[in-house]
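First comes the structure, then the notes that go with it.
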Amino acid sequence: MSTQAARRKGADGPGMEGTGTMRIGRRTLLAGTAAVAAGAAGAWWWGGEPPVPKADRAARTEGQLFERGLIGIERSGWTRPEGVAAPWPVLAADLAADVLVVGAGLAGSSLALHLAEAGLKVAVIEARQPGWGASGRNAGHVLPTLRDAAVFERFPDGGKAFLDAFRKHRNLPYDLAARHGAAQDAVRSGYLNVAENAEAAAEFRAKSAWMERQGLLRIEETGGEELVRQTGSRLWTHAISFPDGGQVNPYRLTNAMTAAAARLGALVFGESPAIRIDQAGSRWTVRTPRGSVTAERVVFCTNAYPTDVVPEFATAFYPLTAYALTTRTLPDEAKALIMPGRQTLSQLPLDINPLVRDRHDRLILSSIPTVSSPEDAVWHFRNQLAWLHHAWPETKAMKIELEAYWTGRVAMRDREFPGVFQPRAGIYGLMYFNAWGNLMAPLMGKLLARGLAADRTDALPFPIEKPLAVSNQGKMDRIIRHLLIPAARTAQNLGVL
Ligand SMILES: Cc1cc2nc3c(=O)[nH]c(=O)nc-3n(C[C@H](O)[C@H](O)[C@H](O)COP(=O)(O)OP(=O)(O)OC[C@H]3O[C@@H](n4cnc5c(N)ncnc54)[C@H](O)[C@@H]3O)c2cc1C
C-alpha cells in the first residue's frame, strides 16, 4: 500500500482539510505534575487526564491559545498556500519497533528518517500531526552558526567530533529538502546581518571569527552601494553575510522528512499522543489512547510542547512564546524593492524585526508578542509595518497586507546547546533547540540516529545528560517578554535603536 493510501485508510483523526525569529536576539537573548509515579517500577501515568500540561489544558479562549502557542497549525503562514498536509492515521493497534520516536517536528522527523535509512524498524507517534509544534510555526531562518564556543569545553573530545559533523552537514536542511522532494522549501539564499555603523558590524564579525577560523562558517563583508542593491534600503551601511544561511518552510520540510521516513518503512501515526510509558523487561511500552508501541528505545522529541509522560522533560527548560506573521504576496513595486535577492535579514546589534522573503514573495516577520494581547494580529502587524516603513520609506505608498499571524513556543536553556537526555536506560530525549532548530534539529536527529543505529550512544559527538529541572521556569519569559522586548520596542519607536 502506498504511503498516501495508508494515511487515508487509517485516517480517523479529526478532519484536516487543505485549508490552507525571531531572534530576539537569537544571538543576544535566545540566546506537571499530573503525572505521578504509578506503582510499577518505571511507569508514569496521567491519571486519566488529557495528555497535556494543566495550563495548556485550561487554554480555551483565543487569547489563551495564542499566549501558549497552541493556536491551530492552519493559522500558520507556512501551511499556505499549499495547505495542511494530509493526516496520518491514528495508532489503533499494539505494535513493536526497534525505536519509537515521540513527537514529529524537525527533530523527530529527522531522527525517524535517518533511523529508517539505517534499516531500523521505526515507529513515530505524534500527538497532533507532523509539524504541528514549533516546526510548523517558526520564522524560517536557517542560521548556519554555533552560538557558544564555551559549551564544547564540556564535550568529551573538546567538541572535535561535533564540530567535524557540523562542518560537514551545515547545509543539511537544504540537502534534505532537495533529496526528499521539497527543494523549493529550503533555499540557501544567504543570510545578511546588517548594521547601521561599522562598529556594530566589526564587533559581530569578531564574535563569529572563531567559527570562520575553524572552517565552520563562511563570512563575507559587504556595504555601501552593493548593500543597498542587496537590501533595497539605505538604512544600513555595513553587513556581515553568511553565504550558507538561508530560509526554510519548516512545516513542509518536517512533513517531507516524515513522508520520506514512511516510504522507507517507518510507521507514522498522528493524533496519537503518548500518555503513559511502562517498562516491559528490557523494553518500554508507550501507550496512546487507542494503541501501544513496545520498543527497545524510545526517544522523546517533544521540545517546548512536552506532556508529562516523562515528567523530567516538562521542567528542564524555559518556555518562551514567540510570534511570526506573513504578509500577502507583495505588490510588484515592493517585490522590486525589498530584499530582491531574498537573503534572510537580521539586524545588528539587536534584531527585533528578523525578515524572510519567501518563495511566494511574502515577508515573514517575527518577534515576541505583547504580554497583554498576544492574539492581537493587527497591533503586531502594525508594529512590523512601522519598521518596514522606516527601513524602506517607499513602502508607505505601497499596499502591504497581513495574510496570517500565529504564535508558537520556544524552549530555552541556560547553555546554548540542545539537550540530549537519558533519564532511564532505553529512554532518551532530544529537545530544547531555542530559536535555532531549523539547522540544529535535523542535524542532531541525524547524529543521534547514527549512534542509536550502531548501538553506540557512548560514541555520540555530544554528551548525554540527565534532564535537570530549572529553578525558575518563567524566568526567560519575564526577562525577555516583560522587560527586554518592551524596552527595545520603545527604543525603536523613539528612534534610538
Ligand atoms: C515563533 C518562532 C520562531 C522561530 N524562529 C526560528 C528560526 O527562524 N530559525 C530557527 O532555526 N528556529 C526558530 N524557532 C525554533 C524552532 O522552531 C524549533 O527549535 C524547532 O522547531 C524545534 O523542533 P522540535 O522538533 O524539537 O520541536 P517541535 O516542532 O515543537 O515538535 C514537538 C512535537 O512533539 C509533539 N508532542 C508533544 N508531546 C507529545 C506526546 N506526548 N506524544 C506525541 N507527540 C507529542 C508535539 O505535538 C509537537 O509536534 C522558532 C520558534 C518559534 C516558536
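If you're wondering about the labels, chains in the C-alpha cells are A, B, ... by order shown, residues count from 1 in each chain, ligands from 1 in order shown.
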Open item on the list: Applying 9 Å and only C-alpha atoms, which residues near Leu468 in chain A remain after dropping the ones on its own chain fewer than 3 positions away? List them as a list in words.
Closed with: Glu312, Phe313, Thr315, Ala316, Phe317 and Glu465 of chain A
Could you write out that same residue set with C-alpha atoms as a PDB file, in the first residue's frame?
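part.pdb written:
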ATOM      1  CA  GLU A 312      11.636  15.469  33.745  1.00  0.00           C
ATOM      2  CA  PHE A 313      11.153  16.656  30.165  1.00  0.00           C
ATOM      3  CA  THR A 315      10.608  21.018  33.684  1.00  0.00           C
ATOM      4  CA  ALA A 316      14.150  21.196  32.275  1.00  0.00           C
ATOM      5  CA  PHE A 317      13.687  24.245  30.008  1.00  0.00           C
ATOM      6  CA  GLU A 465      22.805  14.496  30.041  1.00  0.00           C
TER       7      GLU A 465
END
Output as CSV one row per residue of range 368-474 of chain A within 10 Å of range 272-286 of chain A: the closest atom pair and its distance in Å to one decimal place, counting only C-alpha atoms, sorted by chain and residue number ascending.
residue,atom,partner,partner_atom,distance
A:Ala425,CA,A:Ser282,CA,8.8
A:Gly426,CA,A:Arg283,CA,7.2
A:Ile427,CA,A:Trp284,CA,8.2
Enumerate, in order of chain and increasing residue number, the residues of chain A with an atom no farther than 6 Å from ligand 1, each with its shortest atom pair and distance in Å to one decimal, counting only C-alpha atoms and all ligand atoms, as CSV.
residue,atom,partner,partner_atom_place_in_ligand_line,distance
A:Thr21,CA,ligand 1,5 (N),3.6
A:Met22,CA,ligand 1,5 (N),5.1
A:Val102,CA,ligand 1,43 (C),4.8
A:Gly103,CA,ligand 1,34 (O),3.4
A:Ala104,CA,ligand 1,33 (C),5.1
A:Gly105,CA,ligand 1,25 (O),3.2
A:Leu106,CA,ligand 1,25 (O),4.0
A:Ala107,CA,ligand 1,25 (O),3.8
A:Gly108,CA,ligand 1,25 (O),5.4
A:Ile125,CA,ligand 1,43 (C),5.2
A:Glu126,CA,ligand 1,44 (N),3.7
A:Ala127,CA,ligand 1,44 (N),3.8
A:Arg128,CA,ligand 1,47 (O),5.1
A:Pro130,CA,ligand 1,49 (O),5.7
A:Gly131,CA,ligand 1,49 (O),5.4
A:Trp132,CA,ligand 1,49 (O),4.5
A:Gly133,CA,ligand 1,30 (O),3.7
A:Ala134,CA,ligand 1,30 (O),3.9
A:Ser135,CA,ligand 1,21 (O),3.3
A:Arg137,CA,ligand 1,53 (C),5.6
A:Asn138,CA,ligand 1,3 (C),3.4
A:Ala139,CA,ligand 1,8 (O),3.8
A:Gly140,CA,ligand 1,8 (O),4.4
A:His141,CA,ligand 1,8 (O),3.7
A:Val142,CA,ligand 1,11 (O),5.5
A:Pro273,CA,ligand 1,42 (N),3.5
A:Ala274,CA,ligand 1,42 (N),3.9
A:Ile275,CA,ligand 1,41 (N),5.9
A:Cys301,CA,ligand 1,26 (O),5.6
A:Thr302,CA,ligand 1,34 (O),3.6
A:Asn303,CA,ligand 1,26 (O),4.5
A:Ala304,CA,ligand 1,30 (O),5.7
A:Tyr305,CA,ligand 1,37 (C),4.9
A:Pro306,CA,ligand 1,38 (N),4.6
A:Thr307,CA,ligand 1,38 (N),4.8
A:Ala322,CA,ligand 1,1 (C),4.2
A:Tyr323,CA,ligand 1,1 (C),4.2
A:Ala324,CA,ligand 1,1 (C),5.1
A:Thr407,CA,ligand 1,1 (C),5.6
A:Gly408,CA,ligand 1,53 (C),3.7
A:Arg409,CA,ligand 1,53 (C),4.2
A:Val410,CA,ligand 1,53 (C),4.8
A:Met431,CA,ligand 1,26 (O),5.0
A:Phe433,CA,ligand 1,19 (O),4.1
A:Asn434,CA,ligand 1,19 (O),5.0
A:Ala435,CA,ligand 1,15 (C),3.5
A:Trp436,CA,ligand 1,11 (O),3.3
A:Gly437,CA,ligand 1,19 (O),3.3
A:Asn438,CA,ligand 1,11 (O),3.6
A:Leu439,CA,ligand 1,11 (O),5.8
A:Ala441,CA,ligand 1,23 (O),5.8
Could you save those same residues with N, CA and C atoms as a compact mmCIF listing (two decimals), in the first residue's frame?
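Saved the output as result_9.txt:
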# COMPACT_ATOMS: atom_id res chain seq x y z
N THR A 21 11.87 34.97 14.74
CA THR A 21 12.80 34.58 14.98
C THR A 21 13.33 35.41 15.61
N MET A 22 12.50 35.36 14.45
CA MET A 22 12.72 35.94 15.74
C MET A 22 14.10 35.59 16.09
N VAL A 102 8.77 9.86 19.68
CA VAL A 102 7.56 10.54 20.17
C VAL A 102 7.68 12.02 19.83
N GLY A 103 6.83 12.48 18.93
CA GLY A 103 6.85 13.89 18.52
C GLY A 103 7.50 14.04 17.16
N ALA A 104 6.74 14.58 16.19
CA ALA A 104 7.25 14.71 14.82
C ALA A 104 7.38 16.17 14.43
N GLY A 105 8.37 16.84 14.98
CA GLY A 105 8.80 18.14 14.48
C GLY A 105 10.05 17.91 13.65
N LEU A 106 10.86 18.94 13.49
CA LEU A 106 12.09 18.79 12.71
C LEU A 106 13.02 17.75 13.34
N ALA A 107 13.05 17.71 14.68
CA ALA A 107 13.96 16.76 15.34
C ALA A 107 13.47 15.33 15.17
N GLY A 108 12.20 15.08 15.53
CA GLY A 108 11.67 13.71 15.47
C GLY A 108 11.61 13.19 14.05
N ILE A 125 5.04 8.42 16.82
CA ILE A 125 3.70 8.85 17.23
C ILE A 125 3.73 10.34 17.50
N GLU A 126 2.76 11.04 16.96
CA GLU A 126 2.67 12.49 17.10
C GLU A 126 1.31 12.81 17.72
N ALA A 127 1.32 13.68 18.74
CA ALA A 127 0.09 13.99 19.46
C ALA A 127 -0.94 14.66 18.56
N ARG A 128 -0.46 15.48 17.63
CA ARG A 128 -1.39 16.12 16.67
C ARG A 128 -1.05 15.57 15.28
N PRO A 130 2.38 15.76 12.16
CA PRO A 130 3.74 16.26 11.99
C PRO A 130 3.79 17.75 11.64
N GLY A 131 4.69 18.46 12.31
CA GLY A 131 4.85 19.88 12.04
C GLY A 131 3.89 20.76 12.81
N TRP A 132 3.12 20.17 13.71
CA TRP A 132 2.14 20.98 14.47
C TRP A 132 2.84 21.90 15.47
N GLY A 133 3.99 21.53 15.98
CA GLY A 133 4.66 22.28 17.05
C GLY A 133 5.44 23.46 16.49
N ALA A 134 6.53 23.80 17.17
CA ALA A 134 7.34 24.96 16.75
C ALA A 134 7.78 24.81 15.30
N SER A 135 7.95 23.57 14.85
CA SER A 135 8.45 23.34 13.49
C SER A 135 7.46 23.79 12.41
N ARG A 137 5.69 26.55 12.96
CA ARG A 137 5.30 27.91 13.37
C ARG A 137 6.46 28.89 13.34
N ASN A 138 7.64 28.46 12.95
CA ASN A 138 8.78 29.35 13.21
C ASN A 138 8.98 30.42 12.15
N ALA A 139 10.10 31.11 12.25
CA ALA A 139 10.32 32.30 11.41
C ALA A 139 11.04 31.97 10.11
N GLY A 140 11.50 30.74 9.96
CA GLY A 140 12.05 30.29 8.69
C GLY A 140 13.51 30.62 8.43
N HIS A 141 14.23 31.12 9.44
CA HIS A 141 15.64 31.45 9.22
C HIS A 141 16.50 30.19 9.34
N VAL A 142 17.39 30.01 8.41
CA VAL A 142 18.41 28.96 8.57
C VAL A 142 19.71 29.68 8.92
N PRO A 273 -1.17 10.70 20.92
CA PRO A 273 -0.24 11.14 21.97
C PRO A 273 0.23 9.99 22.85
N ALA A 274 1.51 10.04 23.20
CA ALA A 274 1.99 9.12 24.24
C ALA A 274 1.34 9.58 25.55
N ILE A 275 0.67 8.66 26.24
CA ILE A 275 0.04 9.06 27.50
C ILE A 275 0.61 8.30 28.70
N CYS A 301 10.88 13.63 21.40
CA CYS A 301 11.30 14.84 20.67
C CYS A 301 10.19 15.87 20.82
N THR A 302 9.86 16.20 22.04
CA THR A 302 8.66 16.99 22.32
C THR A 302 8.98 18.45 22.59
N ASN A 303 10.24 18.81 22.71
CA ASN A 303 10.70 20.19 22.76
C ASN A 303 9.90 21.04 23.75
N ALA A 304 9.33 22.16 23.29
CA ALA A 304 8.64 23.08 24.22
C ALA A 304 7.17 22.71 24.40
N TYR A 305 6.76 21.57 23.82
CA TYR A 305 5.37 21.11 23.96
C TYR A 305 5.36 19.77 24.69
N PRO A 306 5.97 19.69 25.85
CA PRO A 306 6.08 18.38 26.47
C PRO A 306 4.75 17.98 27.10
N THR A 307 4.52 16.71 27.15
CA THR A 307 3.48 16.23 28.05
C THR A 307 4.24 15.74 29.27
N ALA A 322 6.63 33.01 21.18
CA ALA A 322 7.09 33.91 20.12
C ALA A 322 6.01 33.96 19.04
N TYR A 323 6.06 35.00 18.21
CA TYR A 323 5.08 35.04 17.12
C TYR A 323 5.79 35.19 15.78
N ALA A 324 5.07 34.85 14.74
CA ALA A 324 5.52 35.16 13.39
C ALA A 324 4.29 35.57 12.60
N THR A 407 1.34 32.14 16.77
CA THR A 407 2.36 32.06 17.82
C THR A 407 2.83 30.61 17.98
N GLY A 408 3.96 30.47 18.65
CA GLY A 408 4.49 29.14 18.95
C GLY A 408 5.38 29.23 20.17
N ARG A 409 5.84 28.08 20.61
CA ARG A 409 6.64 28.07 21.84
C ARG A 409 8.07 27.64 21.59
N VAL A 410 8.98 28.39 22.18
CA VAL A 410 10.42 28.11 22.08
C VAL A 410 10.85 27.50 23.41
N MET A 431 15.86 17.52 22.50
CA MET A 431 14.95 18.66 22.61
C MET A 431 15.65 19.94 23.04
N PHE A 433 15.69 23.40 21.44
CA PHE A 433 16.50 23.96 20.35
C PHE A 433 16.47 25.48 20.29
N ASN A 434 15.88 26.10 21.31
CA ASN A 434 15.82 27.56 21.30
C ASN A 434 15.26 28.02 19.94
N ALA A 435 15.65 29.18 19.44
CA ALA A 435 15.17 29.63 18.12
C ALA A 435 16.24 29.30 17.08
N TRP A 436 16.64 28.05 17.03
CA TRP A 436 17.83 27.65 16.31
C TRP A 436 17.66 26.23 15.78
N GLY A 437 16.38 25.83 15.65
CA GLY A 437 16.13 24.42 15.34
C GLY A 437 16.14 24.08 13.87
N ASN A 438 16.08 25.07 12.99
CA ASN A 438 15.94 24.73 11.57
C ASN A 438 17.16 23.99 11.03
N LEU A 439 18.31 24.30 11.57
CA LEU A 439 19.51 23.54 11.23
C LEU A 439 19.81 22.49 12.31
N ALA A 441 18.02 20.96 14.69
CA ALA A 441 17.14 19.80 14.96
C ALA A 441 17.35 18.69 13.91
Task: Between CA of Arg424 in chain A and CA of Ala449 in chain A, distance in Å (one decimal) - done: 18.1 Å
Open item on the list: At a cut-off of 12 Å, using only C-alpha atoms, what residues contact Arg252 in chain A? Leave out same-chain residues fewer than 4 positions from it and give the result as a PyMOL selection string.
Closed with: chain A and resi 76-86+105-106+109+130-132+135-138+140+173+176-177+180-186+248+256-259+438
- [ ] Have a look at A:Ala336, A:Ile240, A:Val268, A:Ala209 and name the one nearest to Met398 in chain A; count only C-alpha atoms.
- [x] A:Ala336
Task: Best match for closeness to Val470 in chain A among A:Arg413, A:Arg179, A:Lys446, A:His482, counting only C-alpha atoms - done: A:Arg413
Show me, as an mmCIF file with C-alpha atoms, in the first residue's frame, the residues that have an atom within 9 Å of His169 in chain A when counting only C-alpha atoms, minus same-chain residues fewer than 5 positions from it.
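Wrote it out as selection_12.cif, contents follow:
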data_model
loop_
_atom_site.group_PDB
_atom_site.id
_atom_site.type_symbol
_atom_site.label_atom_id
_atom_site.label_comp_id
_atom_site.auth_asym_id
_atom_site.auth_seq_id
_atom_site.Cartn_x
_atom_site.Cartn_y
_atom_site.Cartn_z
ATOM 1 C CA ASP A 164 33.564 17.995 12.268
ATOM 2 C CA ASP A 175 20.202 18.845 1.280
ATOM 3 C CA LEU A 443 21.402 17.740 12.384
#
Task: Who sits within 8 Å of Ala453 in chain A, only C-alpha atoms, same chain under 2 positions skipped, as a PyMOL selection string - done: chain A and resi 115+118+120+449-451+455-456
Output file for the selection above: N, CA and C atoms, as a short mmCIF file (atom, residue, chain, number, x, y, z; two decimals), in the first residue's frame:
data_model
loop_
_atom_site.label_atom_id
_atom_site.label_comp_id
_atom_site.auth_asym_id
_atom_site.auth_seq_id
_atom_site.Cartn_x
_atom_site.Cartn_y
_atom_site.Cartn_z
N LEU A 115 16.98 6.97 11.05
CA LEU A 115 16.91 5.61 11.60
C LEU A 115 16.39 4.65 10.53
N ALA A 118 18.88 3.79 8.08
CA ALA A 118 19.88 2.84 8.59
C ALA A 118 19.29 1.43 8.72
N LEU A 120 16.56 0.44 10.55
CA LEU A 120 15.88 0.07 11.79
C LEU A 120 14.36 0.12 11.61
N ALA A 449 20.54 9.45 15.39
CA ALA A 449 20.15 8.23 14.67
C ALA A 449 21.36 7.35 14.42
N ARG A 450 22.46 7.99 14.05
CA ARG A 450 23.67 7.23 13.77
C ARG A 450 24.12 6.46 15.02
N GLY A 451 24.10 7.13 16.15
CA GLY A 451 24.52 6.48 17.40
C GLY A 451 23.57 5.35 17.80
N ASP A 455 24.16 1.28 17.87
CA ASP A 455 24.15 0.94 19.29
C ASP A 455 25.40 1.47 19.99
N ARG A 456 25.78 2.68 19.60
CA ARG A 456 26.98 3.29 20.18
C ARG A 456 26.66 4.70 20.71
#
Open item on the list: I'd like to know which of A:Ser189, A:Asn383, A:Thr321, A:Gln473 is closest to Val356 in chain A, using only C-alpha atoms.
Closed with: A:Ser189
When you look at Leu348 in chain A with a cut-off of 7 Å (counting only C-alpha atoms), what residues show up, excluding the ones that are within fewer than 3 positions of it in the same chain? I need them as a compact mmCIF listing (two decimals) with C-alpha atoms, in the first residue's frame.
# COMPACT_ATOMS: atom_id res chain seq x y z
CA ASN A 193 23.44 40.63 9.24
CA VAL A 194 23.03 44.34 8.64
CA ALA A 195 24.30 47.24 10.72
CA ALA A 200 28.40 47.01 15.18
CA ASP A 351 17.35 42.07 15.95
Open item on the list: Which of range 188-294 of chain A end up as strand (DSSP E) when DSSP is run on this backbone - answer as a PyMOL selection string?
Closed with: chain A and resi 191-195+220-223+238-242+246-248+267-269+276-280+283-288+291-294
TODO: Measuring atom to atom with only C-alpha atoms, identify which of A:Asn249, A:Ser233, A:Thr145, A:Asn472 is nearest to Leu216 in chain A.
DONE: A:Thr145
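Residues in contact with Asn197 in chain A at 9 Å, where only C-alpha atoms are counted and same-chain residues fewer than 4 positions away are skipped, are listed as A:Ala201, A:Ala202, A:Trp236, A:Thr237, A:His238.
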Store the residues picked out above in a file with N, CA and C atoms, as a PDB file, in the first residue's frame.
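Wrote it out as part32.pdb, contents follow:
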ATOM      1  N   ALA A 201      29.087  46.092  13.027  1.00  0.00           N
ATOM      2  CA  ALA A 201      29.456  45.005  12.120  1.00  0.00           C
ATOM      3  C   ALA A 201      30.783  44.376  12.548  1.00  0.00           C
ATOM      4  N   ALA A 202      31.743  45.212  12.932  1.00  0.00           N
ATOM      5  CA  ALA A 202      33.061  44.698  13.310  1.00  0.00           C
ATOM      6  C   ALA A 202      32.968  43.852  14.582  1.00  0.00           C
ATOM      7  N   TRP A 236      21.053  50.728   6.200  1.00  0.00           N
ATOM      8  CA  TRP A 236      22.250  50.067   6.709  1.00  0.00           C
ATOM      9  C   TRP A 236      23.470  50.380   5.839  1.00  0.00           C
ATOM     10  N   THR A 237      24.598  50.474   6.504  1.00  0.00           N
ATOM     11  CA  THR A 237      25.817  50.821   5.772  1.00  0.00           C
ATOM     12  C   THR A 237      26.785  49.641   5.682  1.00  0.00           C
ATOM     13  N   HIS A 238      26.633  48.680   6.589  1.00  0.00           N
ATOM     14  CA  HIS A 238      27.561  47.548   6.640  1.00  0.00           C
ATOM     15  C   HIS A 238      26.779  46.255   6.842  1.00  0.00           C
TER      16      HIS A 238
END
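Reported to one decimal place, the separation of CA of Ile219 in chain A from CA of Met339 in chain A is 19.0 Å.
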- [ ] Using only C-alpha atoms, pick whichever of A:Val496, A:Gly190, A:Trp406, A:Leu146 has the shortest atom-to-atom distance to Phe162 in chain A.
- [x] A:Leu146
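For the set A:Glu221, A:Asp98, A:Glu153, A:Asp308, the residue with the smallest atom-to-atom gap to Ala116 in chain A is A:Asp98, counting only C-alpha atoms.
Backbone DSSP of range 301-364 of chain A yields helix (DSSP H, G or I) at Pro311, Glu312, Phe313, Ala314, Asp332, Glu333, Ala334, Lys335, Ala336 and Leu337 of chain A.
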Next, the residues of the selection above should be written as a short mmCIF file (atom, residue, chain, number, x, y, z; two decimals), in the first residue's frame with C-alpha atoms.
data_model
loop_
_atom_site.label_atom_id
_atom_site.label_comp_id
_atom_site.auth_asym_id
_atom_site.auth_seq_id
_atom_site.Cartn_x
_atom_site.Cartn_y
_atom_site.Cartn_z
CA PRO A 311 7.97 14.44 33.98
CA GLU A 312 11.64 15.47 33.75
CA PHE A 313 11.15 16.66 30.16
CA ALA A 314 8.46 19.12 31.22
CA ASP A 332 5.19 44.29 -7.80
CA GLU A 333 6.78 47.57 -6.70
CA ALA A 334 7.58 46.07 -3.27
CA LYS A 335 8.96 42.91 -4.88
CA ALA A 336 11.38 45.05 -6.82
CA LEU A 337 12.38 46.94 -3.70
#
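When CA of Glu271 in chain A is paired with CA of Leu325 in chain A, their separation reads 26.1 Å.
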